[in-house]
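A.B. asks: Structure file input.pdb, PDB, C-alpha atoms, pLDDT in the B column, is pasted below:
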ATOM      1  CA  MET A   1       0.000   0.000   0.000  1.00 46.00           C
ATOM      2  CA  PRO A   2       1.913   3.050  -1.223  1.00 54.00           C
ATOM      3  CA  ALA A   3      -0.082   5.440   0.963  1.00 52.00           C
ATOM      4  CA  LEU A   4       1.205   3.691   4.119  1.00 49.00           C
ATOM      5  CA  GLU A   5       4.774   3.028   2.978  1.00 53.00           C
ATOM      6  CA  GLY A   6       7.352   4.504   5.323  1.00 52.00           C
ATOM      7  CA  LYS A   7       4.788   6.103   7.599  1.00 48.00           C
ATOM      8  CA  GLY A   8       4.498   3.415  10.270  1.00 49.00           C
ATOM      9  CA  TYR A   9       0.715   4.030  10.120  1.00 48.00           C
ATOM     10  CA  GLY A  10       0.790   6.073  13.323  1.00 46.00           C
ATOM     11  CA  LYS A  11       2.447   3.437  15.507  1.00 55.00           C
ATOM     12  CA  THR A  12       5.463   4.199  17.606  1.00 62.00           C
ATOM     13  CA  ALA A  13       7.939   1.539  18.648  1.00 68.00           C
ATOM     14  CA  THR A  14       6.728  -0.355  21.687  1.00 77.00           C
ATOM     15  CA  ARG A  15       8.880   0.135  24.784  1.00 82.00           C
ATOM     16  CA  TYR A  16       8.655  -2.712  27.276  1.00 84.00           C
ATOM     17  CA  PRO A  17       9.173  -1.181  30.741  1.00 86.00           C
ATOM     18  CA  ASP A  18      10.883  -4.190  32.333  1.00 92.00           C
ATOM     19  CA  PHE A  19      13.319  -4.642  29.420  1.00 93.00           C
ATOM     20  CA  GLN A  20      16.717  -3.019  29.020  1.00 92.00           C
ATOM     21  CA  ILE A  21      17.135  -1.048  25.806  1.00 92.00           C
ATOM     22  CA  ASP A  22      19.960   0.028  23.560  1.00 91.00           C
ATOM     23  CA  GLU A  23      18.770   3.572  22.825  1.00 90.00           C
ATOM     24  CA  GLU A  24      20.850   3.778  19.649  1.00 91.00           C
ATOM     25  CA  THR A  25      19.524   0.629  17.952  1.00 90.00           C
ATOM     26  CA  GLY A  26      16.202   0.054  19.725  1.00 90.00           C
ATOM     27  CA  LEU A  27      17.138  -3.543  20.652  1.00 93.00           C
ATOM     28  CA  GLN A  28      15.397  -4.539  23.898  1.00 94.00           C
ATOM     29  CA  TRP A  29      16.176  -7.501  26.142  1.00 95.00           C
ATOM     30  CA  LYS A  30      15.334  -9.092  29.446  1.00 95.00           C
ATOM     31  CA  ASP A  31      17.457 -11.758  31.099  1.00 94.00           C
ATOM     32  CA  PHE A  32      15.510 -14.610  32.660  1.00 93.00           C
ATOM     33  CA  ARG A  33      18.701 -16.267  33.854  1.00 93.00           C
ATOM     34  CA  ILE A  34      22.194 -14.817  33.925  1.00 92.00           C
ATOM     35  CA  GLY A  35      24.692 -17.366  32.684  1.00 91.00           C
ATOM     36  CA  LEU A  36      27.756 -18.241  34.733  1.00 90.00           C
ATOM     37  CA  GLY A  37      29.878 -19.491  31.855  1.00 90.00           C
ATOM     38  CA  GLU A  38      32.005 -17.886  29.212  1.00 89.00           C
ATOM     39  CA  ALA A  39      30.881 -14.767  27.315  1.00 93.00           C
ATOM     40  CA  PRO A  40      31.135 -15.116  23.520  1.00 93.00           C
ATOM     41  CA  LYS A  41      33.302 -12.771  21.495  1.00 90.00           C
ATOM     42  CA  SER A  42      33.735 -12.222  17.778  1.00 90.00           C
ATOM     43  CA  GLY A  43      35.019 -15.399  16.114  1.00 90.00           C
ATOM     44  CA  ASP A  44      33.624 -17.751  18.782  1.00 91.00           C
ATOM     45  CA  VAL A  45      31.341 -20.598  17.806  1.00 91.00           C
ATOM     46  CA  VAL A  46      28.144 -20.566  19.862  1.00 92.00           C
ATOM     47  CA  VAL A  47      25.411 -23.144  20.321  1.00 91.00           C
ATOM     48  CA  VAL A  48      21.933 -21.814  21.117  1.00 91.00           C
ATOM     49  CA  ASP A  49      18.385 -22.982  21.518  1.00 90.00           C
ATOM     50  CA  TRP A  50      15.905 -20.403  20.250  1.00 90.00           C
ATOM     51  CA  ALA A  51      12.283 -19.641  19.576  1.00 91.00           C
ATOM     52  CA  GLY A  52      10.998 -16.746  17.480  1.00 90.00           C
ATOM     53  CA  TYR A  53       7.655 -14.958  17.226  1.00 90.00           C
ATOM     54  CA  THR A  54       6.163 -12.026  15.379  1.00 85.00           C
ATOM     55  CA  ILE A  55       4.760  -9.273  17.557  1.00 83.00           C
ATOM     56  CA  GLY A  56       2.654  -7.337  15.066  1.00 73.00           C
ATOM     57  CA  TYR A  57       1.293 -10.332  13.166  1.00 71.00           C
ATOM     58  CA  TYR A  58      -0.821 -11.857  15.923  1.00 71.00           C
ATOM     59  CA  GLY A  59       2.189 -13.314  17.750  1.00 75.00           C
ATOM     60  CA  ARG A  60       2.609 -16.005  15.136  1.00 79.00           C
ATOM     61  CA  ILE A  61       5.349 -18.541  15.709  1.00 83.00           C
ATOM     62  CA  ILE A  62       8.390 -18.417  13.463  1.00 84.00           C
ATOM     63  CA  GLU A  63      10.222 -21.218  15.262  1.00 83.00           C
ATOM     64  CA  ALA A  64       9.424 -23.018  18.500  1.00 79.00           C
ATOM     65  CA  ARG A  65      10.657 -26.418  19.554  1.00 67.00           C
ATOM     66  CA  ASN A  66       8.329 -26.594  22.549  1.00 56.00           C
ATOM     67  CA  LEU A  67      11.174 -27.387  24.891  1.00 51.00           C
ATOM     68  CA  ALA A  68      11.369 -25.637  28.229  1.00 48.00           C
ATOM     69  CA  LYS A  69      14.327 -23.260  28.239  1.00 49.00           C
ATOM     70  CA  GLY A  70      16.588 -24.244  31.116  1.00 47.00           C
ATOM     71  CA  GLY A  71      14.721 -27.490  31.699  1.00 45.00           C
ATOM     72  CA  ASP A  72      16.081 -30.928  32.509  1.00 42.00           C
ATOM     73  CA  PHE A  73      16.771 -32.082  28.970  1.00 45.00           C
ATOM     74  CA  GLU A  74      19.774 -33.467  27.195  1.00 50.00           C
ATOM     75  CA  GLY A  75      19.389 -33.080  23.461  1.00 50.00           C
ATOM     76  CA  GLY A  76      21.387 -34.081  20.470  1.00 53.00           C
ATOM     77  CA  ASP A  77      23.910 -31.469  19.464  1.00 54.00           C
ATOM     78  CA  ASP A  78      22.607 -31.389  15.882  1.00 60.00           C
ATOM     79  CA  SER A  79      19.185 -30.128  16.962  1.00 71.00           C
ATOM     80  CA  PHE A  80      20.534 -26.775  18.182  1.00 85.00           C
ATOM     81  CA  LEU A  81      21.633 -23.726  16.227  1.00 88.00           C
ATOM     82  CA  ARG A  82      25.415 -23.443  15.871  1.00 89.00           C
ATOM     83  CA  PHE A  83      27.136 -20.446  14.256  1.00 91.00           C
ATOM     84  CA  THR A  84      30.180 -18.180  14.500  1.00 92.00           C
ATOM     85  CA  ILE A  85      29.746 -14.732  16.063  1.00 92.00           C
ATOM     86  CA  GLY A  86      30.774 -11.944  13.696  1.00 91.00           C
ATOM     87  CA  LYS A  87      30.611 -13.883  10.405  1.00 91.00           C
ATOM     88  CA  GLY A  88      27.291 -12.325   9.349  1.00 89.00           C
ATOM     89  CA  GLU A  89      25.383 -15.625   9.350  1.00 90.00           C
ATOM     90  CA  MET A  90      22.635 -14.248  11.617  1.00 91.00           C
ATOM     91  CA  ILE A  91      20.647 -11.027  11.630  1.00 91.00           C
ATOM     92  CA  ASP A  92      22.425  -8.299  13.585  1.00 92.00           C
ATOM     93  CA  GLY A  93      19.808  -8.135  16.373  1.00 92.00           C
ATOM     94  CA  PHE A  94      20.259 -11.853  17.137  1.00 93.00           C
ATOM     95  CA  GLU A  95      24.066 -11.604  17.187  1.00 93.00           C
ATOM     96  CA  GLN A  96      24.019  -8.482  19.373  1.00 93.00           C
ATOM     97  CA  ALA A  97      21.705 -10.187  21.847  1.00 94.00           C
ATOM     98  CA  ILE A  98      23.976 -13.231  22.144  1.00 93.00           C
ATOM     99  CA  ALA A  99      27.148 -11.133  22.337  1.00 87.00           C
ATOM    100  CA  GLY A 100      25.848  -9.653  25.616  1.00 86.00           C
ATOM    101  CA  MET A 101      25.097 -13.051  27.220  1.00 94.00           C
ATOM    102  CA  ARG A 102      27.115 -15.624  29.125  1.00 93.00           C
ATOM    103  CA  GLU A 103      26.966 -19.384  28.650  1.00 92.00           C
ATOM    104  CA  GLY A 104      23.962 -20.794  30.523  1.00 91.00           C
ATOM    105  CA  GLY A 105      21.937 -17.580  30.170  1.00 93.00           C
ATOM    106  CA  ILE A 106      18.364 -17.259  28.958  1.00 94.00           C
ATOM    107  CA  ARG A 107      17.273 -13.993  27.359  1.00 95.00           C
ATOM    108  CA  ARG A 108      14.142 -12.625  25.687  1.00 95.00           C
ATOM    109  CA  VAL A 109      14.958 -10.137  22.935  1.00 95.00           C
ATOM    110  CA  VAL A 110      12.736  -7.713  21.020  1.00 93.00           C
ATOM    111  CA  VAL A 111      14.259  -6.821  17.638  1.00 90.00           C
ATOM    112  CA  PRO A 112      12.769  -3.699  16.039  1.00 88.00           C
ATOM    113  CA  PRO A 113      12.197  -3.460  12.282  1.00 84.00           C
ATOM    114  CA  GLY A 114      15.119  -2.071  10.346  1.00 82.00           C
ATOM    115  CA  PRO A 115      18.816  -2.885  10.063  1.00 85.00           C
ATOM    116  CA  LEU A 116      18.854  -5.298  13.041  1.00 87.00           C
ATOM    117  CA  SER A 117      16.056  -7.482  11.662  1.00 85.00           C
ATOM    118  CA  TYR A 118      15.289  -9.632   8.625  1.00 80.00           C
ATOM    119  CA  GLU A 119      15.516  -8.090   5.174  1.00 78.00           C
ATOM    120  CA  ASN A 120      12.850  -8.553   2.527  1.00 72.00           C
ATOM    121  CA  THR A 121      14.536 -11.021   0.171  1.00 65.00           C
ATOM    122  CA  ASN A 122      11.325 -12.197  -1.523  1.00 65.00           C
ATOM    123  CA  ASN A 123      12.635 -15.686  -0.870  1.00 62.00           C
ATOM    124  CA  PRO A 124      11.947 -17.156   2.582  1.00 57.00           C
ATOM    125  CA  TRP A 125      14.226 -20.103   1.823  1.00 61.00           C
ATOM    126  CA  ASN A 126      17.267 -17.855   1.384  1.00 67.00           C
ATOM    127  CA  ILE A 127      17.485 -15.554   4.419  1.00 75.00           C
ATOM    128  CA  LYS A 128      20.028 -14.765   7.099  1.00 83.00           C
ATOM    129  CA  GLY A 129      19.525 -16.796  10.223  1.00 84.00           C
ATOM    130  CA  PRO A 130      18.170 -17.725  12.505  1.00 89.00           C
ATOM    131  CA  ALA A 131      15.982 -19.356   9.894  1.00 85.00           C
ATOM    132  CA  PRO A 132      12.801 -21.282  10.635  1.00 85.00           C
ATOM    133  CA  ARG A 133      12.879 -24.982   9.773  1.00 83.00           C
ATOM    134  CA  THR A 134       9.179 -25.385   8.982  1.00 83.00           C
ATOM    135  CA  PHE A 135       7.192 -24.219   5.968  1.00 84.00           C
ATOM    136  CA  SER A 136       4.713 -22.336   8.171  1.00 84.00           C
ATOM    137  CA  GLY A 137       7.536 -20.546  10.023  1.00 84.00           C
ATOM    138  CA  LYS A 138       9.225 -19.563   6.764  1.00 83.00           C
ATOM    139  CA  ARG A 139       5.928 -18.393   5.291  1.00 83.00           C
ATOM    140  CA  THR A 140       5.075 -16.306   8.372  1.00 83.00           C
ATOM    141  CA  LEU A 141       8.511 -14.684   8.387  1.00 82.00           C
ATOM    142  CA  ASP A 142       8.313 -13.992   4.642  1.00 81.00           C
ATOM    143  CA  PHE A 143       4.853 -12.424   5.004  1.00 80.00           C
ATOM    144  CA  VAL A 144       6.054 -10.076   7.742  1.00 78.00           C
ATOM    145  CA  ALA A 145       9.375  -9.214   6.056  1.00 77.00           C
ATOM    146  CA  SER A 146       7.805  -8.531   2.650  1.00 76.00           C
ATOM    147  CA  ASP A 147       4.939  -6.408   4.005  1.00 65.00           C
ATOM    148  CA  ARG A 148       4.934  -2.801   2.811  1.00 60.00           C
ATOM    149  CA  GLY A 149       3.999  -1.141   6.093  1.00 65.00           C
ATOM    150  CA  ALA A 150       0.631  -2.327   7.328  1.00 64.00           C
ATOM    151  CA  ILE A 151       2.130  -4.856   9.774  1.00 72.00           C
ATOM    152  CA  ASP A 152       4.507  -4.213  12.658  1.00 75.00           C
ATOM    153  CA  LYS A 153       7.679  -6.112  11.724  1.00 81.00           C
ATOM    154  CA  THR A 154       8.972  -6.412  15.283  1.00 86.00           C
ATOM    155  CA  ILE A 155      10.312  -9.894  16.113  1.00 88.00           C
ATOM    156  CA  MET A 156      10.767 -11.467  19.549  1.00 91.00           C
ATOM    157  CA  PHE A 157      13.279 -14.210  20.321  1.00 92.00           C
ATOM    158  CA  ASP A 158      13.761 -16.421  23.355  1.00 94.00           C
ATOM    159  CA  ILE A 159      17.421 -17.463  23.383  1.00 93.00           C
ATOM    160  CA  GLU A 160      19.300 -19.920  25.563  1.00 93.00           C
ATOM    161  CA  LEU A 161      23.089 -19.864  25.190  1.00 93.00           C
ATOM    162  CA  LEU A 162      24.176 -23.474  25.577  1.00 91.00           C
ATOM    163  CA  GLY A 163      27.815 -23.434  24.522  1.00 89.00           C
ATOM    164  CA  VAL A 164      30.685 -21.087  23.634  1.00 91.00           C
ATOM    165  CA  GLY A 165      33.993 -21.856  21.938  1.00 83.00           C
ATOM    166  CA  LYS A 166      35.386 -23.751  18.972  1.00 74.00           C
ATOM    167  CA  ASP A 167      34.517 -27.142  20.456  1.00 73.00           C
ATOM    168  CA  ALA A 168      31.267 -26.008  22.102  1.00 71.00           C
ATOM    169  CA  ARG A 169      28.571 -28.605  22.566  1.00 67.00           C
ATOM    170  CA  ALA A 170      25.076 -28.161  23.810  1.00 62.00           C
ATOM    171  CA  ARG A 171      24.165 -30.037  26.916  1.00 58.00           C
ATOM    172  CA  ARG A 172      21.498 -29.493  29.511  1.00 54.00           C
ATOM    173  CA  ALA A 173      21.296 -31.801  32.450  1.00 38.00           C
ATOM    174  CA  LYS A 174      19.652 -31.030  35.788  1.00 38.00           C
ATOM    175  CA  GLY A 175      20.599 -27.353  35.621  1.00 45.00           C
ATOM    176  CA  THR A 176      24.270 -28.084  34.925  1.00 41.00           C
ATOM    177  CA  TRP A 177      25.969 -26.250  32.087  1.00 42.00           C
ATOM    178  CA  VAL A 178      28.850 -28.030  30.453  1.00 43.00           C
ATOM    179  CA  ASN A 179      31.205 -26.950  27.684  1.00 44.00           C
ATOM    180  CA  GLU A 180      32.789 -30.226  26.692  1.00 42.00           C
ATOM    181  CA  PRO A 181      35.286 -30.791  23.900  1.00 43.00           C
ATOM    182  CA  VAL A 182      33.870 -32.689  20.955  1.00 43.00           C
ATOM    183  CA  THR A 183      35.066 -36.300  21.048  1.00 45.00           C
ATOM    184  CA  LYS A 184      35.869 -38.003  17.790  1.00 43.00           C
TER     185      LYS A 184
END
Written as structure tokens, how would this file's structure read?
C.D. replies:
Amino acid sequence: MPALEGKGYGKTATRYPDFQIDEETGLQWKDFRIGLGEAPKSGDVVVVDWAGYTIGYYGRIIEARNLAKGGDFEGGDDSFLRFTIGKGEMIDGFEQAIAGMREGGIRRVVVPPGPLSYENTNNPWNIKGPAPRTFSGKRTLDFVASDRGAIDKTIMFDIELLGVGKDARARRAKGTWVNEPVTK
């Protein structure tokens, strides 16, 4: 809708009062658990569990594995998201959120529309991560990213930082956080 393009249709960015905010970028976050492990830095491999939701599009799920964050669960390493901080594999808002965490932490992040979020690529199967694994998640994300202004493009992530370092592995067991070397 050309008449609405670039106008934000009268909405201002939502400010969540119990969240911290980076005034420059608009990224908001709230820590549910402060990690006690290592803090990732540029070049580190991280392993995370994540869920993503739209805020302006009826809270639709982008990705959710229905696992309790911080719960008593030991999952296979291949089922978690693994990437290198600073390589540009993820959207900037996701990387910035993780860069401020410590291993074992759980954080909710609100990524505003714009340079920190997903770009409109017109191809939901070729986007920067974190990328949904399901068709419905990809379709929801594509619908929000390709919208011309009638929908709030704000995205919310729940992130659990499970591992940090070149040989990081994800492991949850009875509240214990372990960063074990990968065995061959």
A.B. asks: Please enumerate the residues selected by the PyMOL selection byres ((chain A and resi 28-35) around 12) when evaluated against the supplied file, formatted as a count of residues only.
C.D. replies: 56
A.B. asks: Between A:Lys153, A:Val144, A:Tyr118, A:Arg133, which is the closest to Ala51 of chain A once you count only C-alpha atoms?
C.D. replies: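 For Ala51 of chain A, the nearest of the candidates is A:Arg133.
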A.B. asks: Near segment 129-132 of chain A, counting all atoms listed in the file, which residues have an atom at most 10 Å away, once you skip same-chain residues fewer than 5 positions from it, shown as an MDAnalysis selection string?
C.D. replies: chainID A and resid 50:52 61:64 81:83 88:92 94:95 118 124 137:141 157
A.B. asks: Output C-alpha atoms of each residue in that selection to a file, as a CSV table (one decimal), keeping the file's coordinate frame.
C.D. replies:
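Produced file selection_17.csv, reproduced below:
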chain,number,residue,atom,x,y,z
A,50,TRP,CA,15.9,-20.4,20.2
A,51,ALA,CA,12.3,-19.6,19.6
A,52,GLY,CA,11.0,-16.7,17.5
A,61,ILE,CA,5.3,-18.5,15.7
A,62,ILE,CA,8.4,-18.4,13.5
A,63,GLU,CA,10.2,-21.2,15.3
A,64,ALA,CA,9.4,-23.0,18.5
A,81,LEU,CA,21.6,-23.7,16.2
A,82,ARG,CA,25.4,-23.4,15.9
A,83,PHE,CA,27.1,-20.4,14.3
A,88,GLY,CA,27.3,-12.3,9.3
A,89,GLU,CA,25.4,-15.6,9.4
A,90,MET,CA,22.6,-14.2,11.6
A,91,ILE,CA,20.6,-11.0,11.6
A,92,ASP,CA,22.4,-8.3,13.6
A,94,PHE,CA,20.3,-11.9,17.1
A,95,GLU,CA,24.1,-11.6,17.2
A,118,TYR,CA,15.3,-9.6,8.6
A,124,PRO,CA,11.9,-17.2,2.6
A,137,GLY,CA,7.5,-20.5,10.0
A,138,LYS,CA,9.2,-19.6,6.8
A,139,ARG,CA,5.9,-18.4,5.3
A,140,THR,CA,5.1,-16.3,8.4
A,141,LEU,CA,8.5,-14.7,8.4
A,157,PHE,CA,13.3,-14.2,20.3
A.B. asks: Using Å and a single decimal, report how far atom CA of Lys166 of chain A sits from atom CA of Ser79 of chain A.
C.D. replies: 17.5 Å
A.B. asks: With the PyMOL selection byres ((chain A and resi 55-58) around 6) as the selection, what would be picked from this file? Answer as an MDAnalysis selection string, please.
C.D. replies: chainID A and resid 54 59:60 151:152 154:155
